[in-house]
Amino acid sequence: MRLAVLGGGGFRVPLVYGALLRESLVDEVVLHDVSKERLDAIGHVLAQQAAGHPAPPRVETTTDLDTALRGADFVFSAIRVGGLAGRVADERVALELGVLGQETTGPGGIAFGLRTIPVAVRVAERVAALAPNAWVINFTNPAGMITEAMRGVLGDRVIGICDSPIGLIRRAALALGLDPARVSPDYVGLNHLGWLRGLRHDGHDVLPDLLADDAALDRVEETRIFGADWVRTLGALPNEYLHYYYFTRESIAAIGARTRGESLLGQQDTFYATVRRSPSDALPAWEKARRERDESYMAEARTGERDEADLAAGGYEGIALALMAALSSGEPTTMILDVGNGSAVPGLPAEAVVEVPCVVDASGVRPLATRPLDGRFLGLVQQVKAVEQATIRAALDGSSDRAVEAFAMHPLVDSVGVARRLLDGYRARIPALDEVFTRTRAASPGRAG
């Protein structure tokens, strides 16, 4: 099988290749990126990862999108429009207005989506033209929003993934001394906005047992993020990103002088510069930078260091390979994925992308029906979904009015005036975002070749 990785010069690509070395799923990997320099650097890392392996997947690199897509069986989309400099602006523009600055949550996520959606839709169109039978697995953030936009072209053949839910479920099961592979989660929401409401083991919901056990609950990282009292008040374990909604002021205050984007930009600039100077040191340089990245993940929401077990557990690359295996082998499995709602989550539109347990086999992905969300959860989900859909329309129509509407509707933005200043600030700081509203179209931008 042939796997195309879009954003192939990205820092996390060696995680995917390392997982592929442990599995025999693909014969050929083609990396696509707009930067040849970044492709070369990651190519050095992958070559050193494969050293000594008896039959590593062949690796090609290209800056031509059509070359990468032609003949692909699977496409991993992991692009970052505007690069890490764009992420820094996503965070800083909001913080300068006293609003949360974060990559996927709040105004930063809207700004990221606005500039990424037109590019992602054009990618989807090229997939439809050149690899119509390929499955697209979307890692690109904001994952739910981007997956929903791409579904307008590819329908059910694009699936979004995230490692946050599986990490939460794993931690909850292990805290109770249970095998994570033998529990069935009642998890529901949107990408980076969901709750674990139940955890069945041998026909019994063990989540109430976890919530009642001080020692066991303290072993779950989300408890340290939110506090045991708040978790028990909710009667559910929230996705870690809900910290930005439940503790907004504290999150803003904790960011400090240097944002996550600024930290990553420094780490990655050092890594790519090291590989340019000394290609033979590519793998150790990458491993060092990766460790620093993992340890600083969501540091503003934590009171201590991340658990070693969490750092060793892996992430989205394992989910992506498990999804590939189920789709190609036909062996049914259940996974939490970002897919079209249909009727799985009552109270949300059928076309909305939701994050829920799904059955996966060779025929595709089918979301499982969920219990209705309580009003305290449903209201937030509905509001954020409305923001996502307004952002998609704004990006595809090039409508600044729609974009202001999206910012203003978000629960973390406190006035229409702030929404207007957010859009102005992002347009001034991020050229790729400004182009969404200034480019001339002879036809619908979502259908441009």
# chains A, B, ... in the order shown; residues from 1 in each chain; ligands from 1
$ closest_atom_pairs --of "range 352-385 of chain A" --to "range 180-187 of chain A" --cutoff "12 Å" --atoms "only C-alpha atoms" --output "JSON lines"
{"residue": "A:Val354", "atom": "CA", "partner": "A:Tyr187", "partner_atom": "CA", "distance": 10.8}
{"residue": "A:Glu355", "atom": "CA", "partner": "A:Tyr187", "partner_atom": "CA", "distance": 8.1}
{"residue": "A:Val356", "atom": "CA", "partner": "A:Tyr187", "partner_atom": "CA", "distance": 6.1}
{"residue": "A:Pro357", "atom": "CA", "partner": "A:Tyr187", "partner_atom": "CA", "distance": 6.9}
{"residue": "A:Cys358", "atom": "CA", "partner": "A:Tyr187", "partner_atom": "CA", "distance": 10.7}
{"residue": "A:Pro367", "atom": "CA", "partner": "A:Tyr187", "partner_atom": "CA", "distance": 11.7}
{"residue": "A:Leu368", "atom": "CA", "partner": "A:Asp186", "partner_atom": "CA", "distance": 10.1}
{"residue": "A:Ala369", "atom": "CA", "partner": "A:Asp186", "partner_atom": "CA", "distance": 10.1}
{"residue": "A:Thr370", "atom": "CA", "partner": "A:Asp186", "partner_atom": "CA", "distance": 7.5}
{"residue": "A:Arg371", "atom": "CA", "partner": "A:Asp186", "partner_atom": "CA", "distance": 8.4}
{"residue": "A:Pro372", "atom": "CA", "partner": "A:Asp186", "partner_atom": "CA", "distance": 11.2}
{"residue": "A:Leu373", "atom": "CA", "partner": "A:Tyr187", "partner_atom": "CA", "distance": 10.4}
$ select_by_dssp --residues "range 28-203 of chain A" --states "strand (DSSP E or B)" --output "MDAnalysis selection string"
chainID A and resid 28:32 58:62 74:77 135:138 158:160 184:190 193:201
$ write_last_selection --atoms "C-alpha atoms" --output "PDB file, in the first residue's frame"
ATOM      1  CA  GLU A  28       5.762   3.002   0.329  1.00  0.00           C
ATOM      2  CA  VAL A  29       5.546   6.381   2.084  1.00  0.00           C
ATOM      3  CA  VAL A  30       5.603   9.619   0.121  1.00  0.00           C
ATOM      4  CA  LEU A  31       6.128  12.815   2.078  1.00  0.00           C
ATOM      5  CA  HIS A  32       4.759  16.062   0.686  1.00  0.00           C
ATOM      6  CA  ARG A  58      10.358   3.037   1.015  1.00  0.00           C
ATOM      7  CA  VAL A  59      10.332   6.809   1.489  1.00  0.00           C
ATOM      8  CA  GLU A  60       9.978   9.414  -1.258  1.00  0.00           C
ATOM      9  CA  THR A  61       9.731  13.172  -0.850  1.00  0.00           C
ATOM     10  CA  THR A  62       8.104  15.745  -3.114  1.00  0.00           C
ATOM     11  CA  PHE A  74      -4.232   6.320   2.408  1.00  0.00           C
ATOM     12  CA  VAL A  75      -3.577  10.015   2.888  1.00  0.00           C
ATOM     13  CA  PHE A  76      -2.531  11.496   6.211  1.00  0.00           C
ATOM     14  CA  SER A  77      -3.246  15.222   6.252  1.00  0.00           C
ATOM     15  CA  TRP A 135      -9.046   7.081   2.794  1.00  0.00           C
ATOM     16  CA  VAL A 136      -8.025  10.469   4.179  1.00  0.00           C
ATOM     17  CA  ILE A 137      -7.080  10.500   7.859  1.00  0.00           C
ATOM     18  CA  ASN A 138      -7.038  14.077   9.083  1.00  0.00           C
ATOM     19  CA  VAL A 158     -12.278  11.558   5.356  1.00  0.00           C
ATOM     20  CA  ILE A 159     -11.987  10.750   9.067  1.00  0.00           C
ATOM     21  CA  GLY A 160     -10.574  12.937  11.814  1.00  0.00           C
ATOM     22  CA  SER A 184     -16.220   0.362  26.708  1.00  0.00           C
ATOM     23  CA  PRO A 185     -16.372   4.156  26.974  1.00  0.00           C
ATOM     24  CA  ASP A 186     -19.400   6.424  26.924  1.00  0.00           C
ATOM     25  CA  TYR A 187     -17.534   9.368  25.430  1.00  0.00           C
ATOM     26  CA  VAL A 188     -19.251  12.134  23.466  1.00  0.00           C
ATOM     27  CA  GLY A 189     -18.603  15.657  22.213  1.00  0.00           C
ATOM     28  CA  LEU A 190     -16.576  17.535  19.637  1.00  0.00           C
ATOM     29  CA  LEU A 193     -14.537  19.320  23.754  1.00  0.00           C
ATOM     30  CA  GLY A 194     -15.945  16.081  25.136  1.00  0.00           C
ATOM     31  CA  TRP A 195     -16.681  14.130  28.285  1.00  0.00           C
ATOM     32  CA  LEU A 196     -16.222  10.561  29.472  1.00  0.00           C
ATOM     33  CA  ARG A 197     -19.647   9.955  31.060  1.00  0.00           C
ATOM     34  CA  GLY A 198     -19.369   6.219  31.624  1.00  0.00           C
ATOM     35  CA  LEU A 199     -16.882   3.354  31.466  1.00  0.00           C
ATOM     36  CA  ARG A 200     -18.285  -0.146  31.192  1.00  0.00           C
ATOM     37  CA  HIS A 201     -16.342  -3.229  32.242  1.00  0.00           C
TER      38      HIS A 201
END
$ closest_residue --among "A:Arg171, A:His243, A:Arg157, A:Arg115" --to "Thr438 in chain A" --atoms "only C-alpha atoms"
A:Arg115
$ closest_residue --among "A:Asp213, A:Glu240, A:Asp202, A:Glu351" --to "Ala228 in chain A" --atoms "only C-alpha atoms"
A:Asp213
$ residues_around --residues "Ile161 in chain A" --least-positions-apart "6" --cutoff "8 Å" --atoms "only C-alpha atoms" --output "count of residues only"
10
$ atom_distance --atom1 "CA of Thr67 in chain A" --atom2 "CA of Asn133 in chain A"
16.1 Å
$ residues_around --residues "range 221-223 of chain A" --least-positions-apart "3" --cutoff "9 Å" --atoms "only C-alpha atoms" --output "VMD selection string"
chain A and resid 168 171 to 172 217 to 218 226 to 231 237 to 240 302 306 to 307
$ residues_around --residues "Arg70 in chain A" --least-positions-apart "5" --cutoff "9 Å" --atoms "only C-alpha atoms" --output "PyMOL selection string"
chain A and resi 4+65+127+129-131
$ write_last_selection --atoms "C-alpha atoms" --output "PDB file, in the first residue's frame"
ATOM      1  CA  ALA A   4       0.894   9.927   1.325  1.00  0.00           C
ATOM      2  CA  LEU A  65       0.915  17.695  -4.292  1.00  0.00           C
ATOM      3  CA  VAL A 127      -7.640  13.595  -3.619  1.00  0.00           C
ATOM      4  CA  ALA A 129      -9.475  13.665  -8.685  1.00  0.00           C
ATOM      5  CA  LEU A 130      -6.297  11.589  -8.279  1.00  0.00           C
ATOM      6  CA  ALA A 131      -6.985   9.011  -5.556  1.00  0.00           C
TER       7      ALA A 131
END
$ residues_around --residues "Gly7 in chain A" --least-positions-apart "2" --cutoff "6 Å" --atoms "only C-alpha atoms" --output "list in words"
Gly9, Gly10, His32, Asp33, Ala78 and Ile79 of chain A
$ residues_around --residues "range 275-290 of chain A" --least-positions-apart "2" --cutoff "12 Å" --atoms "only C-alpha atoms" --output "ChimeraX atom specification"
/A:10-15,18,37-51,263-273,292-297,311-312,314
$ select_by_dssp --residues "range 132-292 of chain A" --states "alpha helix (DSSP H)" --output "ChimeraX atom specification"
/A:143-154,164-175,207-212,214-218,221-226,228-234,243-246,248-255,260-277,282-292
$ atom_distance --atom1 "CA of Gly342 in chain A" --atom2 "CA of Gly318 in chain A"
26.5 Å
$ atom_distance --atom1 "CA of Ala216 in chain A" --atom2 "CA of Ala175 in chain A"
5.1 Å
$ closest_residue --among "A:Gly425, A:Gly177, A:Pro57, A:Gly82" --to "Leu95 in chain A" --atoms "only C-alpha atoms"
A:Gly425
$ closest_residue --among "A:Asp214, A:Glu148, A:Asp90, A:Glu317" --to "Thr259 in chain A" --atoms "only C-alpha atoms"
A:Asp90
